[in-house]
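> Structure below; questions to follow.
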Amino acid sequence: MPQHLSPREILAELVGFATVSRDPNLPLIEWVAGYLHSHGIESFQHRKPTELDTKAALFAHAGPRVAGGVVLSGHTDVVPVDGQSWTSDPFVLTEREGRLYGRGTTDMKGFDALAIWAMVEAQQRGVPLQLALSYDEEIGCVGGRDLAEALVASDLPRAASVIVGEPTMMKAVSGHKGSVNFWVHVHGVEVHSSILHTGVSAIMWGAKLIEWCNGINAQNAASTPGPVAAMFEPPYTNVHVGQISGGTAHNITAKDCAFGVGFRIVPGETTEQWVTRFKAEVARLTEQMQQVRPEAWIEITPMFEVPALRPGANNSAETLVRAITGDNASLQVSYGTEAGHFQAAGYDAVVCGPSDIILAHTPDEYIEIAQLEAGQRFMDRLLTRLG
Ligand SMILES: [Zn+2]
């Protein structure tokens, strides 16, 4: 019999693959595929279309081939360690004082390890269970859509529920905001600043668009939230500019100004309605700029979009997690996860995983051994319920 590794042993293997989002994840995926195969579990890969040789998502089914079951879903990529000061090698799982240190231990290879462990258990116990591992989550949740679509299109029996194991301290998170993000490039016209009125300062027109964002935030903050929005903090959609560059010199109107704009959208409001409003403002400003110089314009490039996870009644994934954990508190978060993509693909989805989101992305990221053990008890109870 091949060796049935413990969650901790699997975690040590996973941490050893430096799967920073900009780098390949294929060696990790191949390892998982090989490990599952050694236990008689066939897995399937969805290669990233633009990085066929280096990035893949993986999905697999263990146990009897019946529909209506559960998918355990995690991402395999991690954020970089550049510029962070680590006490030990971030890509070597290291125990100190009841904690396991390493990049991704919390976000979210700890859950991935538990899910892989549970797959082998499921196969041995004859319980149906599915696994879905994605790429490119940390750069805008972009791999989640590919994965959810590939899973739906696959020959695997159609599961009903998805548990996305982002760190929640094993509590059920039943809702999160969606997001849509743009890169804005304002194309101005350079003139000497003494004759500013004959040119178009990309910076000063960009500022008008940013001020529109400030206005949206103020307007939304002042409005009365609906029942779904009221579950979130803050209870409204907001829009943020996180990065900006532009201009050449003190006395030249800026030819270029570029900045990133991100909306965090409460469930119930659609991405489309915010995109429409944003584009209308861009068009309005462009028209005004072109009255000064017709060659001026505002270019917007969609960056990424994460659908919201809409809290609601009759969510089988939420019901299942609550039955296992006994946790009945209503919990929503304002960051996006792949659960939104799964819900958009027709699954019931909930977020529940070990460790605390505040440890994610930090230097000396760790998971408490007690959290890994809590995760293992969760998986064990899950298998008992599904058996
Ligand atoms: Zn994550």
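Residues are referred to by chain and number: the chain letter is A, B, ... according to the order shown in the structure tokens, the number counts from 1 in that chain, and ligands are numbered separately from 1 in the order shown.
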Residues of chain A that approach ligand 1 to 6 Å or less, counting only C-alpha atoms and all ligand atoms: could you list each one with the shortest pair of atoms and its distance in Å to one decimal, rows by chain and increasing residue number, as CSV?


residue,atom,partner,partner_atom_place_in_ligand_line,distance
A:Asp107,CA,ligand 1,1 (Zn),4.5
A:Met108,CA,ligand 1,1 (Zn),5.3
A:Glu166,CA,ligand 1,1 (Zn),5.3

> Just C-alpha atoms for this one: save the residues we selected as a PDB file, in the first residue's frame.


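Now in result-v5.pdb:
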ATOM      1  CA  ASP A 107      -3.506  31.000   2.862  1.00  0.00           C
ATOM      2  CA  MET A 108      -4.266  28.295   1.988  1.00  0.00           C
ATOM      3  CA  GLU A 166      -9.976  30.207   2.864  1.00  0.00           C
TER       4      GLU A 166
END

> If we count only C-alpha atoms, what is near Gly143 of chain A at a cut-off of 10 Å, once residues fewer than 3 positions away on the same chain are taken out, given as a list in words?

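Within the cut-off, the hits are Lys48, Lys55, Ala56, Ala57, His75, Asp77, Leu133, Ser134, Tyr135, Asp136, Glu137, Glu138, Ile139, Gly140, Asp146, Leu147, Ala148, Glu338 and His341 of chain A.
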
> With C-alpha atoms retained, write the just-selected residues as a short mmCIF file (atom, residue, chain, number, x, y, z; two decimals), in the first residue's frame.


data_model
loop_
_atom_site.label_atom_id
_atom_site.label_comp_id
_atom_site.auth_asym_id
_atom_site.auth_seq_id
_atom_site.Cartn_x
_atom_site.Cartn_y
_atom_site.Cartn_z
CA LYS A 48 -4.11 27.75 -17.99
CA LYS A 55 0.10 26.38 -14.72
CA ALA A 56 -2.77 24.02 -14.08
CA ALA A 57 -5.85 23.54 -11.96
CA HIS A 75 -5.98 27.70 -4.45
CA ASP A 77 -0.68 29.90 -5.41
CA LEU A 133 -7.33 23.13 -6.76
CA SER A 134 -6.87 26.38 -8.65
CA TYR A 135 -4.08 28.70 -9.82
CA ASP A 136 -3.89 32.51 -9.87
CA GLU A 137 -6.20 33.24 -6.93
CA GLU A 138 -3.87 35.78 -5.36
CA ILE A 139 -3.78 37.93 -8.48
CA GLY A 140 -7.50 38.59 -8.63
CA ASP A 146 -11.59 28.64 -15.21
CA LEU A 147 -11.71 25.94 -12.56
CA ALA A 148 -15.45 26.18 -11.86
CA GLU A 338 -13.48 31.65 -5.36
CA HIS A 341 -17.22 31.84 -8.99
#

> Can you list, as an mmCIF file with C-alpha atoms, in the first residue's frame, every protein, DNA or RNA residue that comes within 8 Å of Asn181 of chain A when you count only C-alpha atoms, leaving out same-chain residues fewer than 2 positions away?


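Below you can see out30.cif, which holds the result:
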data_model
loop_
_atom_site.group_PDB
_atom_site.id
_atom_site.type_symbol
_atom_site.label_atom_id
_atom_site.label_comp_id
_atom_site.auth_asym_id
_atom_site.auth_seq_id
_atom_site.Cartn_x
_atom_site.Cartn_y
_atom_site.Cartn_z
ATOM 1 C CA SER A 179 -15.211 43.162 -7.016
ATOM 2 C CA TRP A 183 -6.656 50.027 -15.082
ATOM 3 C CA GLY A 260 -6.083 51.412 -10.761
ATOM 4 C CA VAL A 261 -9.742 51.600 -9.775
ATOM 5 C CA GLY A 262 -11.414 48.833 -7.787
ATOM 6 C CA PHE A 263 -15.065 48.492 -6.807
ATOM 7 C CA PRO A 302 -10.711 45.594 -17.288
ATOM 8 C CA MET A 303 -8.293 43.845 -14.911
ATOM 9 C CA PHE A 304 -10.310 41.229 -13.080
ATOM 10 C CA GLU A 305 -13.694 40.552 -11.628
#

> Leaving out Gln84 of chain A and any residue of its chain fewer than 2 positions from it, which residues lie within 12 Å of it when counting only C-alpha atoms, given as an MDAnalysis selection string?

chainID A and resid 79:82 86:90 103 361:365

> Taking the DSSP assignment computed from this structure's backbone, write out as an MDAnalysis selection string all residues of segment 49-136 of chain A that belong to helix (DSSP H, G or I).

chainID A and resid 105:125

> Show me, as a ChimeraX atom specification, the residues that have an atom within 12 Å of Ala345 of chain A when counting only C-alpha atoms, minus same-chain residues fewer than 5 positions from it.

/A:144-153,158-162,307,309,338-340

> Compile the contact shell of segment 228-232 of chain A as a count of residues only: residues with an atom at most 12 Å away, counting only C-alpha atoms, same-chain residues fewer than 5 positions apart removed.

30

> Using only C-alpha atoms, pick whichever of A:Ile324, A:Ala132, A:Val92, A:Val191 has the shortest atom-to-atom distance to Phe44 of chain A.

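Ranked by minimum distance to Phe44 of chain A, first place goes to A:Ala132.
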
> Would you work out the distance separating atom CA of Ser6 of chain A from atom CA of Phe91 of chain A, expressed in Å to one decimal?

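The value is 18.6 Å.
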